[in-house]
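**Q** This structure is in structure tokens; I'll ask about it shortly.
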Amino acid sequence: MIPFKYARAGTVAEAISQKVANPEATFIAGGTNLVDLMRSDVAKPAQLIDISRLPLDKVEETAGGGLRIGALVRNADIAYHPLVEQRYPMLSSALLAGASQQLRNMATAGGNLLQRTRCAYFYDVATPCNKREPGSGCSAIGGLNRMNAILGTSDACIAVHPSDMCVALVVLEATVHVTGPRGDRAIALADFHRLPGSTPERDTNLAADELVTSIELPPRGFAANYTYLKIRDRLSYAFALVSVAVGLELEGGTMREARFALGGVAHKPWRNAQAEAALRGRPAGDAAFAQAADLVLREAKGFGHNTFKIDLARRAIVRALSQAARGTPQSQSNKKIA
Amino acid sequence: MFYRSKIAADKHLKKGREVGADGAFQHRGKLSMTTIDHQSPAQTPADPKDAADAHLRVSRRGVLHLAGGAVSLTVLPHAGAQAASSPASTAASTAPLQLTVNGEARQLEIDTRQSLLDLLRESLDLTGTKKGCDHGQCGACTVLLDGRRVVSCLTLAVTTDGASVTTIEGLAKNGTLHPLQQAFIDHDAFQCGYCTPGQICSAAGLIAEGKAKTPDEIRELMSGNICRCGAYTNIVAAIQQAMGQS
């Protein structure tokens, strides 16, 4: 780890002005990803601006009937918040499927959004990686790519975004609130993360001098018919090979509203409007579920070691939709797949 | 209270090297080559700045480690391999830190790069907390920070100013083992014992959280603690016993 200066911000305005004064600085909150990246010399900030004490640690109801989660609320505190458990159990479940309790106690909501890929080549500074060192090449294409993407890839990068929380957030159509020297703005979760294209070094559309302040959930929480199904190489504490978040609204067995997103398969949480449209108005059942899965995966492309993910994702989508329709969401402690 | 006197500093200097080598058990061969200049006390520069400069020539990942004015050279794992391609390093940055450790208030001056884990082990001689992976993946370094379990390897010490930390050394009270410590003995919940301090601190956090009721839930919420000996069955039994007493 290279030496760095350390400053603690007392207010949001102070954090922004410190960042503007020192563009080489990086914000630190929970640090669960950043410290690891610094230790591996993947991240080499000249200064850390500690934002962990800013007053962004509340979960509050919004006037519109939704919920606003402060950027510094710890992942465990979101997962176990009574209003999240009651109204947004899909989010609670997704959070509890991620990391370990120690890490959930440290990691913040904003940090979860901004965590970097766990692609092994991104972490290995001895290998080329376009995300770490633009223009150097992608070692995962043609390399060991079991964990890598099958959707939305480019010739430059096949990394995946590793978050579980964000997969649920995109189904809930959450909004990310940010602030910066040019003022506040809101970014739809679906537009927050980017596809790699020719600029895989940019994970998100957050500007370098902006700070995430909160995540807002609209009222619709799919508390009756939801699931978060995560398939991984061991039963707990591993990143997803494929995960599926589902929210349905049923009326006599017919799907009035249907949303689902995939994790572990792309550079961002993956939603497909056409596949969801194919579900709406139809009876909940395997025929509709399989068709939706095919619509999502018709553009999927494997890279050798990860080609199995296409079939795995197809089956996981059907299973997850079925869990949600039956009202039997996946338990994150009892590992039997319902 | 300031932690180090000059005499303590010299002792600490030596200790730092020993612990550094010990902490780097996976890379010992590599480290012994890259840090050979610093194995002999006679070659250790007396001036902290010289120490820093000399050390940084050897490896950018070696950490100049300051505690209350004391200097020691602490070698972290993975040092050396990329030293040749290092960019020009700047001087180490230090910061004051007030931390309550197992009930005792400490006033320290630390390198900003120091993890809470390294601070505990190398500056405060609390070696009960173990360094396993140093990446937040094994849980051996689990401690309670303001009552919540965290991995101390991914916690920068400088960010914990004003906090209270409880390590395995702080669990027993008045000579009586903590119920979890006793339960681990009763159920033979370890073999080599290396993961045990982290398992016990993690279990203390789990019990305080009050979310785990069933063996399945204990297993899930303890999944951040890896045991290579495979003592999991007995670990779950020990935690159940302690939960019953709390």
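A note on labels: chains of the structure tokens are A, B, ... as shown, every chain counts residues from 1, and ligands are counted from 1 in their shown order.
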Contacts of Thr153 of chain A at 12 Å or less, counting only C-alpha atoms, minus same-chain residues fewer than 5 places along, as a list in words?

**A**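 Counting only the stated atoms, we get Cys138, Ala140, Ile141, Asn148, Ile158, Ala159, Val160, His161, Arg194, Leu195, Pro196, Gly197, Ser198, Thr199, Pro200, Val265, Ala266, His267, Lys268, Trp270, Glu299, Ala300, Lys301, Gly302 and Phe303 of chain A.
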
**Q** Return as CSV the residues of chain A lying at most 8 Å from chain B, together with the closest atom-to-atom pair for each and the distance in Å to one decimal, counting only C-alpha atoms, with rows in chain order and ascending residue number.

**A**
residue,atom,partner,partner_atom,distance
A:Met1,CA,B:Arg61,CA,5.4
A:Ile2,CA,B:Arg60,CA,6.5
A:Pro3,CA,B:Ala92,CA,5.2
A:Phe4,CA,B:Ser93,CA,6.3
A:Lys5,CA,B:Ser93,CA,5.8
A:Tyr6,CA,B:Thr112,CA,6.8
A:Gly30,CA,B:Thr155,CA,7.9
A:Gly31,CA,B:Leu154,CA,6.7
A:Thr32,CA,B:Leu154,CA,5.6
A:Val35,CA,B:Leu154,CA,5.8
A:Asp36,CA,B:His135,CA,6.0
A:Asp50,CA,B:Thr159,CA,7.2
A:Ala99,CA,B:Gly224,CA,7.6
A:Ser100,CA,B:Gly224,CA,4.7
A:Gln101,CA,B:Leu221,CA,6.1
A:Gln102,CA,B:Val150,CA,4.3
A:Leu103,CA,B:Val150,CA,6.4
A:Asn105,CA,B:Val150,CA,6.5
A:Met106,CA,B:Val150,CA,6.5
A:Ser236,CA,B:Ser223,CA,6.3
A:Tyr237,CA,B:Ser223,CA,6.2
A:Gln332,CA,B:Glu220,CA,7.7
A:Ser333,CA,B:Glu217,CA,5.3
A:Asn334,CA,B:Asp216,CA,6.0

**Q** Restricted to N, CA and C atoms, what would the selected residues look like written as a short mmCIF file (atom, residue, chain, number, x, y, z; two decimals), in the first residue's frame?

**A**
data_model
loop_
_atom_site.label_atom_id
_atom_site.label_comp_id
_atom_site.auth_asym_id
_atom_site.auth_seq_id
_atom_site.Cartn_x
_atom_site.Cartn_y
_atom_site.Cartn_z
N MET A 1 0.85 -1.20 0.00
CA MET A 1 0.00 0.00 0.00
C MET A 1 0.88 1.25 0.00
N ILE A 2 0.65 2.14 -0.94
CA ILE A 2 1.47 3.35 -0.98
C ILE A 2 1.01 4.32 0.12
N PRO A 3 1.87 5.21 0.55
CA PRO A 3 1.46 6.17 1.57
C PRO A 3 0.34 7.08 1.06
N PHE A 4 -0.51 7.50 1.95
CA PHE A 4 -1.58 8.43 1.57
C PHE A 4 -1.87 9.36 2.74
N LYS A 5 -2.37 10.51 2.43
CA LYS A 5 -2.78 11.44 3.47
C LYS A 5 -4.22 11.11 3.86
N TYR A 6 -4.58 11.49 5.05
CA TYR A 6 -5.91 11.15 5.57
C TYR A 6 -6.59 12.41 6.08
N GLY A 30 -16.98 2.43 4.46
CA GLY A 30 -16.74 1.14 5.11
C GLY A 30 -15.36 0.59 4.80
N GLY A 31 -14.89 0.84 3.58
CA GLY A 31 -13.53 0.44 3.21
C GLY A 31 -13.36 -1.03 2.85
N THR A 32 -14.44 -1.81 2.88
CA THR A 32 -14.25 -3.26 2.71
C THR A 32 -13.70 -3.63 1.34
N VAL A 35 -9.95 -0.78 0.80
CA VAL A 35 -8.72 -1.14 1.52
C VAL A 35 -8.06 -2.34 0.85
N ASP A 36 -8.88 -3.29 0.44
CA ASP A 36 -8.35 -4.47 -0.24
C ASP A 36 -7.69 -4.07 -1.57
N ASP A 50 -12.24 10.61 4.65
CA ASP A 50 -13.10 9.73 5.44
C ASP A 50 -14.49 10.36 5.58
N ALA A 99 -21.79 -11.29 0.93
CA ALA A 99 -20.67 -11.14 1.88
C ALA A 99 -20.90 -11.95 3.15
N SER A 100 -20.31 -11.49 4.25
CA SER A 100 -20.48 -12.13 5.56
C SER A 100 -21.03 -11.07 6.51
N GLN A 101 -21.46 -11.52 7.68
CA GLN A 101 -22.03 -10.55 8.61
C GLN A 101 -21.00 -9.50 9.02
N GLN A 102 -19.74 -9.90 9.18
CA GLN A 102 -18.71 -8.92 9.52
C GLN A 102 -18.64 -7.82 8.47
N LEU A 103 -18.64 -8.24 7.19
CA LEU A 103 -18.54 -7.26 6.10
C LEU A 103 -19.82 -6.44 5.99
N ASN A 105 -21.62 -5.56 8.40
CA ASN A 105 -21.57 -4.58 9.49
C ASN A 105 -20.70 -3.38 9.13
N MET A 106 -19.80 -3.54 8.19
CA MET A 106 -18.86 -2.47 7.81
C MET A 106 -19.33 -1.74 6.56
N SER A 236 -22.59 -20.29 0.99
CA SER A 236 -22.64 -18.97 1.60
C SER A 236 -21.33 -18.25 1.32
N TYR A 237 -21.35 -16.93 1.48
CA TYR A 237 -20.14 -16.13 1.45
C TYR A 237 -19.32 -16.37 0.18
N GLN A 332 -32.37 -17.46 2.86
CA GLN A 332 -30.91 -17.28 2.79
C GLN A 332 -30.18 -18.05 3.89
N SER A 333 -30.92 -18.75 4.76
CA SER A 333 -30.24 -19.59 5.75
C SER A 333 -30.47 -21.07 5.48
N ASN A 334 -31.70 -21.46 5.22
CA ASN A 334 -31.96 -22.83 4.77
C ASN A 334 -31.68 -22.85 3.28
#

**Q** Can you tell me, as an MDAnalysis selection string, which residues in segment 296-331 of chain A count as alpha helix (DSSP H) by DSSP?

**A** chainID A and resid 296:297 308:326

**Q** So how many Å separate atom CA of Ala140 of chain B and atom CA of Arg232 of chain A, to one decimal?

**A**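 Computing the Euclidean distance for atom CA of Ala140 of chain B and atom CA of Arg232 of chain A yields 22.8 Å.
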
**Q** Leu297 of chain A: which residues within 8 Å, counting only C-alpha atoms, same-chain residues fewer than 4 positions away excluded, as a short mmCIF file (atom, residue, chain, number, x, y, z; two decimals) with N, CA and C atoms, in the first residue's frame?

**A**
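Done, and the output landed in out33.cif:
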data_model
loop_
_atom_site.label_atom_id
_atom_site.label_comp_id
_atom_site.auth_asym_id
_atom_site.auth_seq_id
_atom_site.Cartn_x
_atom_site.Cartn_y
_atom_site.Cartn_z
N LEU A 151 -23.50 -11.29 -20.74
CA LEU A 151 -24.40 -10.32 -21.36
C LEU A 151 -23.75 -8.93 -21.31
N ALA A 293 -37.19 -16.19 -20.00
CA ALA A 293 -35.77 -16.51 -19.84
C ALA A 293 -35.08 -16.53 -21.20
N ILE A 310 -25.07 -19.63 -19.21
CA ILE A 310 -26.26 -19.35 -20.03
C ILE A 310 -27.38 -20.30 -19.64
N ALA A 313 -28.41 -19.62 -15.99
CA ALA A 313 -29.26 -18.43 -15.86
C ALA A 313 -30.68 -18.74 -16.31
N ARG A 314 -30.81 -19.48 -17.40
CA ARG A 314 -32.16 -19.82 -17.91
C ARG A 314 -32.94 -20.57 -16.83
#
